[in-house]
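Structure file coords.txt (compact mmCIF, C-alpha atoms and all ligand atoms) follows.
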```txt
# COMPACT_ATOMS: atom_id res chain seq x y z
CA MET A 110 33.14 1.46 4.61
CA SER A 111 30.80 3.19 2.19
CA GLY A 112 31.11 5.09 -1.06
CA ALA A 113 30.59 8.34 0.81
CA SER A 114 34.04 8.36 2.33
CA ARG A 115 35.86 10.72 0.04
CA GLU A 116 37.99 13.61 1.17
CA SER A 117 36.18 15.49 3.91
CA PRO A 118 34.72 18.83 2.99
CA SER A 119 35.17 21.46 5.67
CA LYS A 120 32.45 22.28 8.18
CA HIS A 121 29.27 23.40 6.52
CA TYR A 122 25.59 23.85 7.33
CA VAL A 123 22.24 23.04 5.81
CA ARG A 124 19.26 25.12 6.92
CA ALA A 125 15.60 24.61 6.02
CA ALA A 126 12.17 25.98 6.93
CA ARG A 127 11.77 22.79 8.97
CA VAL A 128 13.80 19.73 9.85
CA ALA A 129 11.80 16.51 10.20
CA THR A 130 14.32 14.38 12.06
CA ALA A 131 12.25 11.15 12.05
CA GLY A 132 13.90 10.70 15.44
CA ALA A 133 13.80 11.81 19.05
CA ARG A 134 14.05 15.52 18.24
CA GLY A 135 10.78 15.48 16.31
CA THR A 136 10.34 18.36 13.90
CA ILE A 137 12.28 21.59 14.30
CA GLU A 138 10.90 24.74 12.69
CA ASP A 139 13.59 26.85 10.98
CA GLY A 140 16.16 24.20 11.76
CA ALA A 141 19.70 23.47 10.66
CA VAL A 142 22.36 20.82 10.78
CA ALA A 143 26.12 21.24 11.00
CA ILE A 144 28.17 18.78 8.93
CA GLU A 145 31.83 17.89 9.38
CA GLY A 146 33.35 15.32 7.11
CA SER A 147 30.60 12.83 6.36
CA ARG A 148 28.85 13.26 9.71
CA ILE A 149 26.21 15.46 11.29
CA THR A 150 27.83 17.18 14.28
CA ALA A 151 24.97 19.37 15.47
CA ILE A 152 21.26 19.80 14.94
CA GLY A 153 18.81 22.33 16.31
CA SER A 154 17.22 25.68 15.61
CA ALA A 155 19.00 27.58 12.86
CA ALA A 156 19.63 30.43 15.32
CA ASP A 157 21.62 28.12 17.60
CA VAL A 158 23.37 25.88 15.08
CA THR A 159 24.48 28.57 12.65
CA ALA A 160 25.18 31.29 15.29
CA ASN A 161 28.89 31.56 14.52
CA ALA A 162 28.81 30.21 10.99
CA PRO A 163 30.20 32.24 8.10
CA ALA A 164 27.32 33.05 5.73
CA ALA A 165 29.09 31.35 2.83
CA ALA A 166 29.09 28.02 4.70
CA VAL A 167 25.30 27.93 5.15
CA GLU A 168 23.11 26.48 2.44
CA THR A 169 19.53 27.64 2.99
CA TYR A 170 16.37 26.03 1.64
CA ARG A 171 13.35 28.29 2.07
CA ASP A 172 9.84 26.81 2.20
CA SER A 173 11.47 23.38 2.22
CA THR A 174 11.80 20.42 4.54
CA LEU A 175 15.02 18.67 5.50
CA LEU A 176 14.63 14.94 6.15
CA PRO A 177 16.82 11.90 6.62
CA GLY A 178 17.87 10.28 3.35
CA LEU A 179 15.49 7.45 2.49
CA VAL A 180 16.33 3.83 3.24
CA ASP A 181 14.85 1.46 0.66
CA ALA A 182 14.87 -1.93 2.34
CA HIS A 183 13.95 -3.86 -0.78
CA ALA A 184 15.05 -3.29 -4.36
CA HIS A 185 16.65 -5.23 -7.21
CA LEU A 186 19.23 -2.94 -8.68
CA THR A 187 20.07 -5.21 -11.64
CA LEU A 188 16.51 -5.24 -13.04
CA ALA A 189 15.33 -2.49 -15.37
CA GLY A 190 11.68 -2.05 -14.33
CA ASP A 191 10.82 -1.70 -18.01
CA ARG A 192 7.79 -3.99 -18.12
CA ARG A 193 9.57 -7.06 -19.34
CA THR A 194 8.83 -10.29 -17.47
CA TYR A 195 11.60 -11.94 -15.44
CA GLU A 196 11.96 -14.50 -18.20
CA GLN A 197 12.65 -11.70 -20.69
CA MET A 198 14.90 -9.67 -18.37
CA VAL A 199 17.19 -12.59 -17.58
CA LEU A 200 18.12 -12.82 -21.25
CA ASP A 201 20.33 -9.79 -20.52
CA PRO A 202 23.92 -10.79 -19.76
CA ASP A 203 25.55 -9.85 -16.45
CA GLU A 204 27.36 -6.96 -18.16
CA MET A 205 24.04 -5.36 -19.13
CA MET A 206 22.67 -5.92 -15.62
CA ALA A 207 25.65 -4.00 -14.24
CA LEU A 208 24.90 -1.07 -16.56
CA VAL A 209 21.20 -1.19 -15.68
CA SER A 210 22.30 -0.93 -12.03
CA VAL A 211 24.23 2.28 -12.68
CA ARG A 212 21.15 3.90 -14.15
CA ASN A 213 18.81 2.56 -11.45
CA LEU A 214 21.03 3.69 -8.59
CA GLN A 215 21.30 7.21 -9.96
CA ARG A 216 17.52 7.42 -10.25
CA HIS A 217 17.05 6.19 -6.71
CA LEU A 218 19.65 8.56 -5.32
CA ALA A 219 17.94 11.43 -7.17
CA CYS A 220 14.65 10.65 -5.42
CA GLY A 221 16.41 10.74 -2.04
CA VAL A 222 17.36 7.09 -1.41
CA THR A 223 20.79 7.22 0.25
CA THR A 224 20.73 3.61 1.50
CA LEU A 225 19.47 0.70 -0.55
CA ARG A 226 19.15 -2.93 0.46
CA ASP A 227 19.30 -5.17 -2.59
CA ASN A 228 17.30 -8.36 -2.16
CA GLY A 229 18.68 -10.42 -4.98
CA GLY A 230 20.68 -10.18 -8.20
CA ARG A 231 22.36 -12.71 -10.47
CA ASN A 232 25.85 -14.10 -9.91
CA ARG A 233 28.25 -11.48 -8.51
CA VAL A 234 26.78 -8.44 -10.30
CA THR A 235 25.64 -6.50 -7.22
CA PHE A 236 28.99 -6.99 -5.45
CA ILE A 237 30.84 -5.67 -8.49
CA VAL A 238 28.53 -2.65 -8.78
CA ARG A 239 29.26 -1.77 -5.13
CA GLU A 240 32.98 -2.08 -5.77
CA ALA A 241 32.62 0.39 -8.66
CA ILE A 242 30.85 2.89 -6.38
CA ASN A 243 33.54 2.45 -3.71
CA ARG A 244 36.20 3.14 -6.32
CA GLY A 245 34.36 6.36 -7.19
CA TYR A 246 33.38 5.41 -10.75
CA PHE A 247 29.90 6.77 -10.12
CA VAL A 248 27.88 8.05 -7.18
CA GLY A 249 25.26 5.76 -5.70
CA PRO A 250 23.44 5.05 -2.46
CA ARG A 251 25.06 3.06 0.36
CA LEU A 252 24.43 -0.55 -0.69
CA LEU A 253 23.44 -3.41 1.58
CA LEU A 254 23.66 -6.57 -0.47
CA SER A 255 22.33 -10.10 -0.32
CA GLY A 256 24.02 -11.14 -3.57
CA ARG A 257 22.10 -14.12 -4.91
CA PRO A 258 18.89 -14.97 -3.08
CA VAL A 259 18.79 -18.49 -1.64
CA THR A 260 16.05 -20.45 -3.41
CA HIS A 261 15.15 -24.04 -4.26
CA ARG A 262 15.50 -25.58 -7.69
CA HIS A 263 13.33 -23.56 -10.07
CA GLY A 264 12.22 -21.46 -7.09
CA HIS A 265 11.61 -17.70 -7.27
CA PHE A 266 14.68 -15.99 -8.81
CA TYR A 267 16.41 -19.38 -9.45
CA TRP A 268 18.14 -17.74 -12.43
CA CYS A 269 20.29 -15.72 -9.99
CA ASN A 270 22.11 -19.03 -9.35
CA GLY A 271 21.64 -19.15 -5.59
CA VAL A 272 19.87 -22.52 -5.81
CA ALA A 273 20.09 -24.65 -2.66
CA ASP A 274 18.13 -27.86 -1.99
CA GLY A 275 18.56 -29.56 1.37
CA LEU A 276 19.96 -28.31 4.66
CA ASP A 277 23.64 -28.81 3.82
CA ALA A 278 23.34 -26.97 0.51
CA ILE A 279 21.48 -24.12 2.21
CA ARG A 280 24.21 -23.75 4.86
CA ALA A 281 26.98 -23.94 2.23
CA THR A 282 25.26 -21.31 0.05
CA VAL A 283 24.89 -18.90 2.97
CA ARG A 284 28.59 -19.29 3.88
CA GLN A 285 29.62 -18.76 0.25
CA LEU A 286 27.51 -15.59 -0.02
CA VAL A 287 28.97 -14.14 3.17
CA ALA A 288 32.49 -14.90 1.93
CA GLU A 289 31.71 -13.01 -1.28
CA GLY A 290 30.49 -9.94 0.63
CA ALA A 291 26.82 -10.43 1.47
CA ASP A 292 25.60 -8.05 4.22
CA HIS A 293 22.42 -10.03 4.76
CA ILE A 294 20.82 -13.24 3.51
CA LYS A 295 17.65 -13.20 1.42
CA ILE A 296 15.76 -16.45 1.16
CA MET A 297 12.73 -17.22 -0.99
CA ALA A 298 10.16 -18.73 1.38
CA SER A 299 7.24 -18.78 -1.05
CA GLY A 300 6.65 -18.73 -4.76
CA GLY A 301 6.73 -15.45 -6.66
CA ALA A 302 6.16 -14.12 -10.16
CA THR A 303 8.85 -16.38 -11.63
CA ALA A 304 7.16 -18.59 -14.26
CA GLY A 305 6.16 -21.94 -12.80
CA ASN A 306 5.95 -20.64 -9.20
CA ILE A 307 2.86 -20.73 -7.01
CA PRO A 308 2.90 -17.60 -4.82
CA TYR A 309 0.27 -18.84 -2.35
CA TYR A 310 2.32 -21.86 -1.26
CA ALA A 311 5.44 -21.93 0.92
CA SER A 312 8.55 -23.00 -0.99
CA TYR A 313 10.81 -23.91 1.94
CA GLY A 314 9.77 -25.48 5.23
CA ALA A 315 10.63 -23.96 8.60
CA GLU A 316 13.55 -26.37 9.08
CA GLU A 317 15.16 -25.26 5.83
CA LEU A 318 14.67 -21.59 6.67
CA ARG A 319 16.13 -22.20 10.14
CA ALA A 320 19.29 -23.68 8.59
CA ALA A 321 19.77 -20.44 6.65
CA VAL A 322 19.00 -18.23 9.67
CA GLU A 323 21.33 -20.07 12.05
CA THR A 324 24.19 -20.06 9.56
CA ALA A 325 23.68 -16.36 8.75
CA HIS A 326 23.37 -15.33 12.41
CA GLY A 327 26.48 -17.38 13.21
CA LEU A 328 28.30 -15.16 10.72
CA GLY A 329 26.79 -11.93 12.06
CA ARG A 330 24.36 -11.40 9.21
CA LEU A 331 20.67 -10.44 9.27
CA THR A 332 18.11 -12.42 7.30
CA THR A 333 15.00 -11.57 5.35
CA ALA A 334 12.58 -13.81 3.45
CA HIS A 335 10.34 -13.38 0.43
CA CYS A 336 6.91 -14.31 1.83
CA ARG A 337 3.79 -13.90 -0.23
CA ALA A 338 2.03 -16.97 1.16
CA LYS A 339 0.60 -16.80 4.65
CA GLN A 340 2.13 -20.22 5.36
CA SER A 341 5.56 -18.86 4.40
CA MET A 342 5.11 -16.03 6.93
CA ILE A 343 4.39 -18.61 9.62
CA ASN A 344 7.40 -20.71 8.55
CA ALA A 345 9.61 -17.60 8.68
CA LEU A 346 8.43 -16.86 12.22
CA ASP A 347 9.10 -20.47 13.24
CA ALA A 348 12.59 -20.18 11.78
CA GLY A 349 13.45 -16.86 13.48
CA LEU A 350 13.87 -14.65 10.41
CA ASP A 351 14.69 -11.01 11.26
CA CYS A 352 12.41 -9.57 8.59
CA ILE A 353 10.01 -10.72 5.90
CA GLU A 354 9.12 -9.12 2.58
CA HIS A 355 5.72 -8.53 0.91
CA ALA A 356 3.38 -10.06 3.57
CA GLU A 357 0.42 -10.60 1.28
CA PHE A 358 -1.10 -13.31 3.52
CA LEU A 359 -1.94 -15.35 0.41
CA VAL A 360 -3.85 -18.55 0.95
CA PRO A 361 -4.75 -21.24 -1.57
CA GLY A 362 -8.26 -21.32 -2.86
CA GLN A 363 -9.75 -19.28 -5.57
CA VAL A 364 -7.02 -18.32 -8.03
CA VAL A 365 -7.36 -14.67 -8.92
CA GLU A 366 -5.95 -13.11 -12.06
CA TYR A 367 -4.76 -9.63 -11.02
CA GLY A 368 -3.57 -8.56 -14.44
CA ALA A 369 -0.18 -8.06 -16.05
CA GLY A 370 2.70 -7.78 -13.65
CA VAL A 371 1.03 -9.63 -10.82
CA SER A 372 1.00 -13.38 -11.15
CA SER A 373 -2.33 -15.01 -10.62
CA SER A 374 -2.44 -15.94 -7.00
CA GLY A 375 -4.58 -17.07 -4.13
CA ILE A 376 -6.54 -14.61 -2.08
CA MET A 377 -5.24 -12.33 0.65
CA GLU A 378 -6.54 -13.48 3.99
CA TYR A 379 -5.37 -11.33 6.86
CA ASP A 380 -4.72 -13.19 10.11
CA PRO A 381 -4.26 -11.21 13.35
CA ARG A 382 -2.71 -14.28 15.06
CA VAL A 383 0.20 -14.07 12.63
CA THR A 384 0.63 -10.36 13.30
CA GLU A 385 0.66 -11.07 17.02
CA ARG A 386 3.66 -13.36 16.48
CA PHE A 387 5.52 -10.68 14.50
CA LEU A 388 5.04 -8.34 17.45
CA ARG A 389 6.06 -10.93 20.02
CA GLN A 390 9.20 -11.91 18.09
CA ASP A 391 10.12 -8.35 17.08
CA THR A 392 10.20 -9.35 13.40
CA PHE A 393 9.99 -6.62 10.77
CA ILE A 394 7.64 -6.60 7.82
CA SER A 395 8.99 -4.89 4.73
CA TYR A 396 5.81 -4.00 2.87
CA THR A 397 6.57 -3.60 -0.83
CA PHE A 398 3.53 -1.43 -1.38
CA GLN A 399 4.06 -0.20 -4.93
CA ALA A 400 5.29 -3.54 -6.30
CA GLY A 401 3.06 -5.50 -8.63
CA GLY A 402 1.72 -2.84 -10.96
CA TYR A 403 1.29 0.51 -9.21
CA ASP A 404 3.29 2.39 -11.84
CA SER A 405 0.90 0.99 -14.48
CA LEU A 406 -2.14 1.79 -12.36
CA VAL A 407 -1.08 5.43 -11.96
CA GLU A 408 -0.62 5.65 -15.72
CA LEU A 409 -4.00 4.07 -16.45
CA ARG A 410 -5.75 6.35 -13.95
CA THR A 411 -4.14 9.37 -15.59
CA LYS A 412 -5.15 8.20 -19.04
CA ALA A 413 -8.71 7.42 -17.91
CA GLY A 414 -8.95 11.02 -16.66
CA HIS A 415 -8.79 12.48 -20.15
CA GLU A 416 -9.46 9.75 -22.70
CA ARG A 417 -11.24 6.45 -23.17
CA LEU A 418 -9.33 3.34 -22.18
CA THR A 419 -9.30 0.41 -24.59
CA PRO A 420 -11.26 -2.62 -23.33
CA ALA A 421 -7.94 -4.36 -22.50
CA GLU A 422 -6.73 -1.32 -20.55
CA ALA A 423 -10.02 -1.02 -18.68
CA THR A 424 -9.86 -4.71 -17.66
CA ARG A 425 -6.28 -4.30 -16.50
CA LYS A 426 -7.12 -1.15 -14.55
CA ASP A 427 -9.99 -2.92 -12.77
CA ALA A 428 -7.70 -5.83 -11.85
CA LEU A 429 -5.03 -3.51 -10.50
CA GLU A 430 -7.56 -1.40 -8.58
CA ALA A 431 -8.81 -4.59 -6.90
CA TYR A 432 -5.26 -5.72 -6.09
CA TYR A 433 -4.29 -2.39 -4.47
CA GLU A 434 -7.54 -2.20 -2.56
CA MET A 435 -6.62 -5.53 -0.96
CA LYS A 436 -3.06 -4.40 -0.32
CA LEU A 437 -4.29 -1.20 1.33
CA GLY A 438 -6.63 -3.31 3.44
CA ILE A 439 -3.86 -5.63 4.69
CA PHE A 440 -1.65 -2.67 5.58
CA ASN A 441 -4.50 -0.98 7.41
CA ARG A 442 -5.12 -4.14 9.46
CA LEU A 443 -1.39 -4.46 10.29
CA MET A 444 -1.45 -0.86 11.51
CA GLY A 445 -4.62 -1.42 13.51
CA ASP A 446 -3.05 -4.43 15.24
CA GLY A 447 -0.03 -2.45 16.39
CA MET A 448 2.61 -3.38 13.78
CA ARG A 449 3.62 0.22 13.01
CA PRO A 450 6.95 0.15 14.90
CA LEU A 451 7.99 -2.88 12.82
CA LEU A 452 6.41 -1.89 9.52
CA VAL A 453 8.78 -0.80 6.75
CA VAL A 454 7.65 0.70 3.44
CA SER A 455 9.98 -0.35 0.64
CA SER A 456 9.81 -0.20 -3.13
CA ASP A 457 10.77 -3.59 -4.62
CA ALA A 458 11.97 -1.50 -7.58
CA GLY A 459 13.28 -3.48 -10.55
CA PRO A 460 10.76 -6.19 -11.44
CA PHE A 461 8.15 -5.60 -14.14
CA ASP A 462 6.91 -1.97 -14.11
CA CYS A 463 8.32 -0.94 -10.73
CA GLU A 464 10.68 1.86 -11.69
CA PHE A 465 13.56 3.18 -9.64
CA GLY A 466 13.17 6.80 -8.60
CA ARG A 467 9.58 6.53 -7.36
CA MET A 468 10.08 5.80 -3.69
CA HIS A 469 7.34 8.34 -2.90
CA TYR A 470 4.64 6.01 -4.32
CA GLY A 471 4.99 3.66 -1.35
CA MET A 472 4.72 6.50 1.18
CA GLU A 473 1.64 7.87 -0.61
CA LEU A 474 -0.01 4.45 -0.42
CA ALA A 475 0.91 4.13 3.27
CA VAL A 476 -0.91 7.41 3.94
CA GLN A 477 -3.92 6.19 1.96
CA ALA A 478 -3.87 3.09 4.18
CA GLY A 479 -4.03 5.12 7.37
CA MET A 480 -0.55 6.30 8.31
CA SER A 481 0.12 9.95 9.04
CA PRO A 482 2.64 11.49 6.62
CA LEU A 483 5.30 11.48 9.37
CA GLN A 484 4.64 7.80 10.09
CA ALA A 485 4.99 6.98 6.37
CA ILE A 486 8.29 8.88 6.27
CA GLU A 487 9.52 7.00 9.35
CA ALA A 488 8.56 3.70 7.70
CA ALA A 489 10.98 4.54 4.89
CA THR A 490 13.73 6.05 7.06
CA SER A 491 14.18 5.34 10.77
CA ILE A 492 12.22 2.06 10.89
CA ALA A 493 13.73 0.85 7.61
CA ALA A 494 17.21 1.62 8.97
CA ARG A 495 16.50 -0.49 12.05
CA ALA A 496 15.21 -3.37 9.92
CA CYS A 497 18.37 -3.22 7.82
CA GLY A 498 20.69 -3.04 10.82
CA VAL A 499 22.08 0.41 10.00
CA ALA A 500 20.22 2.58 12.53
CA ALA A 501 23.50 3.60 14.19
CA LEU A 502 24.60 5.11 10.88
CA THR A 503 21.53 6.55 9.20
CA GLY A 504 17.72 6.77 9.20
CA THR A 505 17.27 9.89 11.34
CA VAL A 506 18.69 13.42 11.31
CA GLU A 507 20.79 13.18 14.42
CA ALA A 508 24.23 14.32 15.61
CA GLY A 509 26.78 11.54 15.13
CA LYS A 510 25.03 9.94 12.18
CA GLU A 511 26.08 10.10 8.54
CA ALA A 512 24.89 13.29 6.86
CA ASP A 513 22.53 11.42 4.51
CA LEU A 514 19.89 14.05 3.88
CA LEU A 515 16.95 14.75 1.63
CA VAL A 516 15.48 18.22 1.08
CA VAL A 517 12.05 18.52 -0.51
CA HIS A 518 10.09 21.61 -1.50
CA GLY A 519 7.10 22.40 0.71
CA ASN A 520 5.90 20.43 3.70
CA PRO A 521 5.48 16.65 3.29
CA LEU A 522 4.18 16.44 6.87
CA THR A 523 0.94 18.00 5.63
CA ASP A 524 1.05 16.65 2.05
CA ILE A 525 3.00 13.42 1.52
CA ARG A 526 3.08 14.02 -2.25
CA ARG A 527 5.74 16.67 -1.60
CA MET A 528 8.17 13.76 -1.12
CA ALA A 529 8.36 13.62 -4.92
CA ASP A 530 9.46 17.24 -5.15
CA VAL A 531 13.16 16.90 -4.40
CA ALA A 532 15.26 20.03 -3.87
CA ALA A 533 18.57 18.38 -2.90
CA VAL A 534 20.14 15.12 -1.77
CA TYR A 535 23.24 14.80 0.41
CA LYS A 536 25.09 11.55 0.88
CA GLY A 537 27.68 11.47 3.62
CA GLY A 538 27.68 15.28 3.72
CA LEU A 539 28.28 15.71 0.00
CA LYS A 540 25.59 17.30 -2.10
CA VAL A 541 24.90 14.88 -4.89
CA GLY A 542 24.82 16.41 -8.34
CA VAL A 543 21.63 14.85 -9.58
CA LEU A 544 18.94 15.61 -12.10
CA PRO A 545 15.44 16.02 -10.72
CA PRO A 546 14.24 12.43 -10.26
CA ASN A 547 11.60 12.52 -12.93
CA ALA A 548 13.90 14.00 -15.56
CA LEU A 549 15.45 10.57 -15.92
CA LEU A 550 12.18 8.78 -16.39
CA PRO A 551 10.58 8.11 -19.75
CA SER A 552 7.05 9.06 -18.70
CA PRO A 553 5.51 11.67 -16.39
CA PRO A 554 4.95 10.43 -12.83
CA ARG A 555 1.21 11.03 -12.79
ZN ZN A 601 11.82 -8.37 -4.52
```

Represent the structure of the file as structure tokens.
Amino acid sequence: MSGASRESPSKHYVRAARVATAGARGTIEDGAVAIEGSRITAIGSAADVTANAPAAAVETYRDSTLLPGLVDAHAHLTLAGDRRTYEQMVLDPDEMMALVSVRNLQRHLACGVTTLRDNGGRNRVTFIVREAINRGYFVGPRLLLSGRPVTHRHGHFYWCNGVADGLDAIRATVRQLVAEGADHIKIMASGGATAGNIPYYASYGAEELRAAVETAHGLGRLTTAHCRAKQSMINALDAGLDCIEHAEFLVPGQVVEYGAGVSSSGIMEYDPRVTERFLRQDTFISYTFQAGGYDSLVELRTKAGHERLTPAEATRKDALEAYYEMKLGIFNRLMGDGMRPLLVVSSDAGPFDCEFGRMHYGMELAVQAGMSPLQAIEAATSIAARACGVAALTGTVEAGKEADLLVVHGNPLTDIRRMADVAAVYKGGLKVGVLPPNALLPSPPR
């Protein structure tokens, strides 16, 4: 069912100074896993697991941490993250978007993402990219695909060609997407950074969203909605969505210009009553922490550390600092109100400056917003896997699950920045031959 199913290598072992399972076994000092075929068959202390193992079958990572492969619940594999606007990026033909996907997926795999949920690409491009991985043309993460996002005329991402106005059209579009291979349905419930959109208003009503949800659920598919507006979050809850993306709680009012990459928008107004409903309905929030300019902010901070910013750069840095301060604040409130078990940290890689291969940015921000490093890791592994409906397969280091593994140097449980220091990535038990993640990027990470 996934690209990992090639011929089974014989039984082998991976041992590390510690194994952070992100699951029931907690963290095991000097731990190891046994792998047969694509699956983990045993996990425990290295002394137990590798007791009868031939030395040549044990791969040992000293002063390193073995973790579950990351699950990125929100990315756009067809978009280059090269600081063009959507309007510029969509000038690329489908063929170029497919090639962009190959590069993006290799970057994400190199940073430890072994499962990626795509939340919207044009036409059939994402389905064709997955077929290429399954044929073995290149190695990529396990892909969970929405195909084209469902959106209204000139709604967010309308250029993907998943436009549906009216209940019948929404139902027909969902059925068509499932027939083409969609694993889940993504619906645009508020405006976004597409030109002409207004992010702080809902773009579909609850009745329209419910038509999509009922049709998708009737076909065994999960649903998630793009929700920047607070009203769109409420509509999504009314409609019974399984997950929502972004959760900026935007309300109309003062229109704030946050700088390049983030469309001018209303203000973020946290509302604990909305959070209470997420908890009651068991609805996930996929918090796309680094989206909207964090790559640029990191670059500007670095530059400001050793030279003078131009006035334009200084203005942009101030705008981005203000935006991330608000985003950190919302996340902190969600945590404080008990959302952690339903809170996913995802990248939204692809649009504007949000590069593939920097999944660690989101986890670093989550720690700044009050999570422990382990909690941030769980938000991008075990909790993300549950939100994406693949917890039986991946998301923790556990016997019976796919051997999707990430090894990083040092101990990310005491310093989350170690998540960027990748030693090895395994997908379905196979060590992926990848460059260090940052070797593929045009600029240094910080
Ligand atoms: Zn997105």

Within 7 Å of (9.2, -10.3, -8.4), in the coordinates the file gives, what residues turn up when you count all atoms listed in the file, written out as a compact mmCIF listing (two decimals) with C-alpha atoms, in the coordinates of the input?
```txt
# COMPACT_ATOMS: atom_id res chain seq x y z
CA GLY A 301 6.73 -15.45 -6.66
CA ALA A 302 6.16 -14.12 -10.16
CA THR A 303 8.85 -16.38 -11.63
CA PRO A 460 10.76 -6.19 -11.44
```

**Asked** Which chains and residue numbers are within 12 Å of ligand ZN 601 (chain A), counting only C-alpha atoms and all ligand atoms, if I want them as a PyMOL selection string?
**Response** chain A and resi 181-188+190+195+226-230+255+257-258+265-266+295-297+299-303+333-337+353-356+395-401+455-461+463

Emit as AutoDock Vina command-line options the padded axis-aligned box for all listed atoms of stretch 139-148 of chain A, 8 Å per side, with centre and edge lengths in Å to one decimal.
```
--center_x 23.5 --center_y 19.8 --center_z 9.1 --size_x 35.8 --size_y 30.0 --size_z 21.4
```

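Rounded to one decimal, atom CA of A:Asp292 and atom CA of A:Gln340 lie 26.5 Å from each other.
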
Proximity of stretch 341-446 of chain A to stretch 486-508 of chain A: per-residue shortest pair, 9 Å limit, only C-alpha atoms, as a Markdown table:
```
| residue | atom | partner | partner_atom | distance |
| --- | --- | --- | --- | --- |
| A:Asp351 | CA | A:Ala496 | CA | 7.8 |
| A:Cys352 | CA | A:Ala496 | CA | 6.9 |
| A:Thr392 | CA | A:Ala496 | CA | 8.5 |
| A:Phe393 | CA | A:Ala496 | CA | 6.2 |
| A:Ile394 | CA | A:Ala496 | CA | 8.5 |
| A:Ser395 | CA | A:Ala493 | CA | 8.0 |
```

Residues just named, written with C-alpha atoms as an mmCIF file, in the coordinates of the input:
```cif
data_model
loop_
_atom_site.group_PDB
_atom_site.id
_atom_site.type_symbol
_atom_site.label_atom_id
_atom_site.label_comp_id
_atom_site.auth_asym_id
_atom_site.auth_seq_id
_atom_site.Cartn_x
_atom_site.Cartn_y
_atom_site.Cartn_z
ATOM 1 C CA ASP A 351 14.690 -11.010 11.260
ATOM 2 C CA CYS A 352 12.410 -9.570 8.590
ATOM 3 C CA THR A 392 10.200 -9.350 13.400
ATOM 4 C CA PHE A 393 9.990 -6.620 10.770
ATOM 5 C CA ILE A 394 7.640 -6.600 7.820
ATOM 6 C CA SER A 395 8.990 -4.890 4.730
#
```

**Request:** With a distance cut-off of 12 Å and only C-alpha atoms, select the neighbouring residues of A:Ala413, excluding the residue or stretch itself and same-chain residues fewer than 4 positions from it, and output the selection as a PyMOL selection string.
**Result:** chain A and resi 406-409+417-420+422-423+426-427+555

**Request:** Would you kindly return, as number ranges by chain, each protein, DNA or RNA residue with an atom no farther than 12 Å from any atom of stretch 519-525 of chain A, considering only C-alpha atoms and excluding same-chain residues fewer than 5 positions away?
**Result:** A: 125-131, 135-136, 138, 170-176, 468-477, 480-487, 530-532

What does the file look like for those residues with C-alpha atoms, as a tab-separated table (two decimals), keeping the file's coordinate frame?
```tsv
chain	number	residue	atom	x	y	z
A	125	ALA	CA	15.60	24.61	6.02
A	126	ALA	CA	12.17	25.98	6.93
A	127	ARG	CA	11.77	22.79	8.97
A	128	VAL	CA	13.80	19.73	9.85
A	129	ALA	CA	11.80	16.51	10.20
A	130	THR	CA	14.32	14.38	12.06
A	131	ALA	CA	12.25	11.15	12.05
A	135	GLY	CA	10.78	15.48	16.31
A	136	THR	CA	10.34	18.36	13.90
A	138	GLU	CA	10.90	24.74	12.69
A	170	TYR	CA	16.37	26.03	1.64
A	171	ARG	CA	13.35	28.29	2.07
A	172	ASP	CA	9.84	26.81	2.20
A	173	SER	CA	11.47	23.38	2.22
A	174	THR	CA	11.80	20.42	4.54
A	175	LEU	CA	15.02	18.67	5.50
A	176	LEU	CA	14.63	14.94	6.15
A	468	MET	CA	10.08	5.80	-3.69
A	469	HIS	CA	7.34	8.34	-2.90
A	470	TYR	CA	4.64	6.01	-4.32
A	471	GLY	CA	4.99	3.66	-1.35
A	472	MET	CA	4.72	6.50	1.18
A	473	GLU	CA	1.64	7.87	-0.61
A	474	LEU	CA	-0.01	4.45	-0.42
A	475	ALA	CA	0.91	4.13	3.27
A	476	VAL	CA	-0.91	7.41	3.94
A	477	GLN	CA	-3.92	6.19	1.96
A	480	MET	CA	-0.55	6.30	8.31
A	481	SER	CA	0.12	9.95	9.04
A	482	PRO	CA	2.64	11.49	6.62
A	483	LEU	CA	5.30	11.48	9.37
A	484	GLN	CA	4.64	7.80	10.09
A	485	ALA	CA	4.99	6.98	6.37
A	486	ILE	CA	8.29	8.88	6.27
A	487	GLU	CA	9.52	7.00	9.35
A	530	ASP	CA	9.46	17.24	-5.15
A	531	VAL	CA	13.16	16.90	-4.40
A	532	ALA	CA	15.26	20.03	-3.87
```

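One finds atom CA of A:Asn232 at 17.7 Å from atom CA of A:Arg280.
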
**Message:** Residues within 12 Å of A:Asp391, please, as a PyMOL selection string. Count only C-alpha atoms; anything in the same chain fewer than 5 positions from it doesn't count.
**Reply:** chain A and resi 346+349-353+384-386+447-452+495-496

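In terms of minimum interatomic distance to A:Val248, A:Ser210 ranks closest within A:Thr159, A:Ser405, A:Thr411, A:Ser210, counting all atoms listed in the file.
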
**Request:** Select, counting only C-alpha atoms, all protein, DNA and RNA residues no farther than 8 Å from (-3.9, -22.9, 1.6) in file coordinates, and express the selection as a PyMOL selection string.
**Result:** chain A and resi 309-310+340+359-362

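What separates atom CA of A:Ala320 from atom CA of A:Arg239 is a distance of 27.7 Å.
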
**Item:** Residue among A:Val211, A:Ile279, A:Met444, A:Ala291 lying closest to A:Val259, counting only C-alpha atoms
**Value:** A:Ile279

**A:Gly537, A:Ala207, A:Ile242, A:Gly509 ranked by distance to A:Ile152, top pick (using only C-alpha atoms)** = A:Gly509
